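**Student:** What follows is structure-v1.cif; its format and atoms are mmCIF, N, CA and C atoms; chains and numbers go by the auth columns.
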```
data_structure
#
loop_
_atom_site.group_PDB
_atom_site.id
_atom_site.type_symbol
_atom_site.label_atom_id
_atom_site.label_comp_id
_atom_site.label_asym_id
_atom_site.label_seq_id
_atom_site.Cartn_x
_atom_site.Cartn_y
_atom_site.Cartn_z
_atom_site.B_iso_or_equiv
_atom_site.auth_seq_id
_atom_site.auth_asym_id
ATOM 1 N N MET A 1 -20.125 6.403 15.197 0.00 29 A
ATOM 2 C CA MET A 1 -19.378 5.160 15.030 0.00 29 A
ATOM 3 C C MET A 1 -19.947 4.080 15.952 0.00 29 A
ATOM 4 N N ILE A 2 -19.546 2.869 15.698 0.00 30 A
ATOM 5 C CA ILE A 2 -20.037 1.749 16.492 0.00 30 A
ATOM 6 C C ILE A 2 -19.429 1.805 17.890 0.00 30 A
ATOM 7 N N GLY A 3 -20.260 1.641 18.901 0.00 31 A
ATOM 8 C CA GLY A 3 -19.775 1.631 20.274 0.00 31 A
ATOM 9 C C GLY A 3 -19.470 3.009 20.811 0.00 31 A
ATOM 10 N N GLY A 4 -19.845 4.062 20.109 0.00 32 A
ATOM 11 C CA GLY A 4 -19.636 5.415 20.585 0.00 32 A
ATOM 12 C C GLY A 4 -18.213 5.913 20.483 0.00 32 A
ATOM 13 N N LYS A 5 -17.358 5.240 19.743 0.00 33 A
ATOM 14 C CA LYS A 5 -15.972 5.691 19.608 0.00 33 A
ATOM 15 C C LYS A 5 -15.889 6.815 18.583 0.00 33 A
ATOM 16 N N LYS A 6 -14.912 7.677 18.776 0.00 34 A
ATOM 17 C CA LYS A 6 -14.682 8.746 17.812 0.00 34 A
ATOM 18 C C LYS A 6 -13.974 8.194 16.579 0.00 34 A
ATOM 19 N N LEU A 7 -14.004 8.976 15.533 0.00 35 A
ATOM 20 C CA LEU A 7 -13.425 8.521 14.271 0.00 35 A
ATOM 21 C C LEU A 7 -11.918 8.299 14.401 0.00 35 A
ATOM 22 N N SER A 8 -11.224 9.191 15.104 0.00 36 A
ATOM 23 C CA SER A 8 -9.772 9.041 15.234 0.00 36 A
ATOM 24 C C SER A 8 -9.407 7.799 16.040 0.00 36 A
ATOM 25 N N GLU A 9 -10.230 7.462 17.029 0.00 37 A
ATOM 26 C CA GLU A 9 -9.971 6.260 17.817 0.00 37 A
ATOM 27 C C GLU A 9 -10.193 4.999 16.993 0.00 37 A
ATOM 28 N N ALA A 10 -11.056 5.070 16.013 0.00 38 A
ATOM 29 C CA ALA A 10 -11.319 3.904 15.172 0.00 38 A
ATOM 30 C C ALA A 10 -10.306 3.801 14.023 0.00 38 A
ATOM 31 N N LEU A 11 -9.776 4.936 13.599 0.00 39 A
ATOM 32 C CA LEU A 11 -8.871 4.908 12.453 0.00 39 A
ATOM 33 C C LEU A 11 -7.482 4.401 12.811 0.00 39 A
ATOM 34 N N LYS A 12 -7.022 4.638 14.036 0.00 40 A
ATOM 35 C CA LYS A 12 -5.668 4.210 14.405 0.00 40 A
ATOM 36 C C LYS A 12 -5.483 2.700 14.282 0.00 40 A
ATOM 37 N N PRO A 13 -6.321 1.870 14.910 0.00 41 A
ATOM 38 C CA PRO A 13 -6.129 0.418 14.726 0.00 41 A
ATOM 39 C C PRO A 13 -6.404 -0.041 13.302 0.00 41 A
ATOM 40 N N ALA A 14 -7.331 0.613 12.613 0.00 42 A
ATOM 41 C CA ALA A 14 -7.607 0.226 11.228 0.00 42 A
ATOM 42 C C ALA A 14 -6.402 0.516 10.347 0.00 42 A
ATOM 43 N N PHE A 15 -5.755 1.660 10.567 0.00 43 A
ATOM 44 C CA PHE A 15 -4.574 2.016 9.788 0.00 43 A
ATOM 45 C C PHE A 15 -3.413 1.073 10.102 0.00 43 A
ATOM 46 N N GLY A 16 -3.245 0.730 11.363 0.00 44 A
ATOM 47 C CA GLY A 16 -2.201 -0.208 11.744 0.00 44 A
ATOM 48 C C GLY A 16 -2.416 -1.580 11.138 0.00 44 A
ATOM 49 N N SER A 17 -3.664 -2.009 11.108 0.00 45 A
ATOM 50 C CA SER A 17 -3.982 -3.303 10.503 0.00 45 A
ATOM 51 C C SER A 17 -3.702 -3.277 9.005 0.00 45 A
ATOM 52 N N PHE A 18 -4.028 -2.162 8.357 0.00 46 A
ATOM 53 C CA PHE A 18 -3.778 -2.027 6.921 0.00 46 A
ATOM 54 C C PHE A 18 -2.283 -2.030 6.627 0.00 46 A
ATOM 55 N N ILE A 19 -1.499 -1.338 7.461 0.00 47 A
ATOM 56 C CA ILE A 19 -0.042 -1.318 7.279 0.00 47 A
ATOM 57 C C ILE A 19 0.524 -2.730 7.457 0.00 47 A
ATOM 58 N N GLY A 20 0.038 -3.454 8.458 0.00 48 A
ATOM 59 C CA GLY A 20 0.487 -4.827 8.666 0.00 48 A
ATOM 60 C C GLY A 20 0.143 -5.720 7.491 0.00 48 A
ATOM 61 N N PHE A 21 -1.042 -5.503 6.923 0.00 49 A
ATOM 62 C CA PHE A 21 -1.444 -6.290 5.758 0.00 49 A
ATOM 63 C C PHE A 21 -0.525 -6.003 4.572 0.00 49 A
ATOM 64 N N LEU A 22 -0.228 -4.727 4.333 0.00 50 A
ATOM 65 C CA LEU A 22 0.655 -4.373 3.224 0.00 50 A
ATOM 66 C C LEU A 22 2.061 -4.917 3.436 0.00 50 A
ATOM 67 N N PHE A 23 2.559 -4.831 4.677 0.00 51 A
ATOM 68 C CA PHE A 23 3.900 -5.312 4.984 0.00 51 A
ATOM 69 C C PHE A 23 3.993 -6.821 4.768 0.00 51 A
ATOM 70 N N GLY A 24 2.993 -7.558 5.253 0.00 52 A
ATOM 71 C CA GLY A 24 2.976 -9.008 5.077 0.00 52 A
ATOM 72 C C GLY A 24 2.884 -9.399 3.618 0.00 52 A
ATOM 73 N N THR A 25 2.071 -8.669 2.864 0.00 53 A
ATOM 74 C CA THR A 25 1.932 -8.967 1.445 0.00 53 A
ATOM 75 C C THR A 25 3.236 -8.696 0.703 0.00 53 A
ATOM 76 N N ALA A 26 3.921 -7.613 1.059 0.00 54 A
ATOM 77 C CA ALA A 26 5.195 -7.288 0.402 0.00 54 A
ATOM 78 C C ALA A 26 6.242 -8.355 0.702 0.00 54 A
ATOM 79 N N ILE A 27 6.273 -8.855 1.943 0.00 55 A
ATOM 80 C CA ILE A 27 7.242 -9.897 2.302 0.00 55 A
ATOM 81 C C ILE A 27 6.957 -11.172 1.516 0.00 55 A
ATOM 82 N N LYS A 28 5.685 -11.562 1.452 0.00 56 A
ATOM 83 C CA LYS A 28 5.326 -12.776 0.707 0.00 56 A
ATOM 84 C C LYS A 28 5.660 -12.636 -0.767 0.00 56 A
ATOM 85 N N LEU A 29 5.380 -11.462 -1.336 0.00 57 A
ATOM 86 C CA LEU A 29 5.654 -11.244 -2.752 0.00 57 A
ATOM 87 C C LEU A 29 7.147 -11.308 -3.040 0.00 57 A
ATOM 88 N N SER A 30 7.951 -10.670 -2.186 0.00 58 A
ATOM 89 C CA SER A 30 9.395 -10.679 -2.425 0.00 58 A
ATOM 90 C C SER A 30 9.971 -12.079 -2.256 0.00 58 A
ATOM 91 N N LEU A 31 9.511 -12.819 -1.247 0.00 59 A
ATOM 92 C CA LEU A 31 9.997 -14.187 -1.069 0.00 59 A
ATOM 93 C C LEU A 31 9.600 -15.070 -2.249 0.00 59 A
ATOM 94 N N THR A 32 8.400 -14.883 -2.755 0.00 60 A
ATOM 95 C CA THR A 32 7.954 -15.662 -3.909 0.00 60 A
ATOM 96 C C THR A 32 8.814 -15.364 -5.130 0.00 60 A
ATOM 97 N N LEU A 33 9.133 -14.092 -5.338 0.00 61 A
ATOM 98 C CA LEU A 33 9.985 -13.734 -6.472 0.00 61 A
ATOM 99 C C LEU A 33 11.381 -14.324 -6.330 0.00 61 A
ATOM 100 N N VAL A 34 11.936 -14.278 -5.120 0.00 62 A
ATOM 101 C CA VAL A 34 13.286 -14.821 -4.898 0.00 62 A
ATOM 102 C C VAL A 34 13.291 -16.328 -5.107 0.00 62 A
ATOM 103 N N MET A 35 12.300 -17.030 -4.548 0.00 63 A
ATOM 104 C CA MET A 35 12.250 -18.490 -4.716 0.00 63 A
ATOM 105 C C MET A 35 11.996 -18.869 -6.167 0.00 63 A
ATOM 106 N N GLY A 36 11.152 -18.105 -6.853 0.00 64 A
ATOM 107 C CA GLY A 36 10.901 -18.365 -8.265 0.00 64 A
ATOM 108 C C GLY A 36 12.141 -18.163 -9.094 0.00 64 A
ATOM 109 N N TYR A 37 12.909 -17.130 -8.782 0.00 65 A
ATOM 110 C CA TYR A 37 14.159 -16.865 -9.509 0.00 65 A
ATOM 111 C C TYR A 37 15.144 -18.014 -9.327 0.00 65 A
ATOM 112 N N HIS A 38 15.314 -18.460 -8.087 0.00 66 A
ATOM 113 C CA HIS A 38 16.237 -19.556 -7.827 0.00 66 A
ATOM 114 C C HIS A 38 15.760 -20.850 -8.489 0.00 66 A
ATOM 115 N N PHE A 39 14.449 -21.054 -8.512 0.00 67 A
ATOM 116 C CA PHE A 39 13.905 -22.249 -9.174 0.00 67 A
ATOM 117 C C PHE A 39 14.234 -22.225 -10.664 0.00 67 A
ATOM 118 N N VAL A 40 14.024 -21.078 -11.295 0.00 68 A
ATOM 119 C CA VAL A 40 14.262 -20.966 -12.735 0.00 68 A
ATOM 120 C C VAL A 40 15.754 -21.130 -13.050 0.00 68 A
ATOM 121 N N VAL A 41 16.599 -20.523 -12.223 0.00 69 A
ATOM 122 C CA VAL A 41 18.035 -20.563 -12.509 0.00 69 A
ATOM 123 C C VAL A 41 18.605 -21.951 -12.255 0.00 69 A
ATOM 124 N N ASN A 42 18.192 -22.614 -11.187 0.00 70 A
ATOM 125 C CA ASN A 42 18.800 -23.894 -10.810 0.00 70 A
ATOM 126 C C ASN A 42 18.161 -25.095 -11.488 0.00 70 A
ATOM 127 N N ILE A 43 16.848 -25.090 -11.656 0.00 71 A
ATOM 128 C CA ILE A 43 16.161 -26.269 -12.161 0.00 71 A
ATOM 129 C C ILE A 43 16.096 -26.248 -13.690 0.00 71 A
ATOM 130 N N LEU A 44 15.740 -25.123 -14.251 0.00 72 A
ATOM 131 C CA LEU A 44 15.521 -25.073 -15.703 0.00 72 A
ATOM 132 C C LEU A 44 16.781 -24.767 -16.478 0.00 72 A
#
```
Just dump the structure as structure tokens.

**Tutor:**
Amino acid sequence: MIGGKKLSEALKPAFGSFIGFLFGTAIKLSLTLVMGYHFVVNIL
């Protein structure tokens, strides 16, 4: 691995970053759906 790190030492931050990415994407998706629903119900 780069910098002489072991695979397990490199996977922990990578996995945490991936979980954070998925969590952020899920929050954005749910907020978009909620705002879209309210837009359709109230405006249209």

**Student:** Provide the CA of Phe46 (chain A) to atom C of Lys34 (chain A) distance in Å, to one decimal place.

**Tutor:**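 CA of Phe46 (chain A) sits 17.4 Å away from atom C of Lys34 (chain A).
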
**Student:** Using DSSP secondary structure from the backbone, list all alpha helix (DSSP H) positions within chain A, as a PyMOL selection string.

**Tutor:** chain A and resi 35-71

**Student:** Would you mind reading off the distance between atom N of Met63 (chain A) and atom C of Ala42 (chain A), one decimal, in Å?

**Tutor:**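 Taking atom N of Met63 (chain A) and atom C of Ala42 (chain A), their separation equals 29.7 Å.
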
**Student:** For atom C of Glu37 (chain A) and CA of Phe49 (chain A), quote the distance in Å rounded to one decimal.

**Tutor:** 18.2 Å
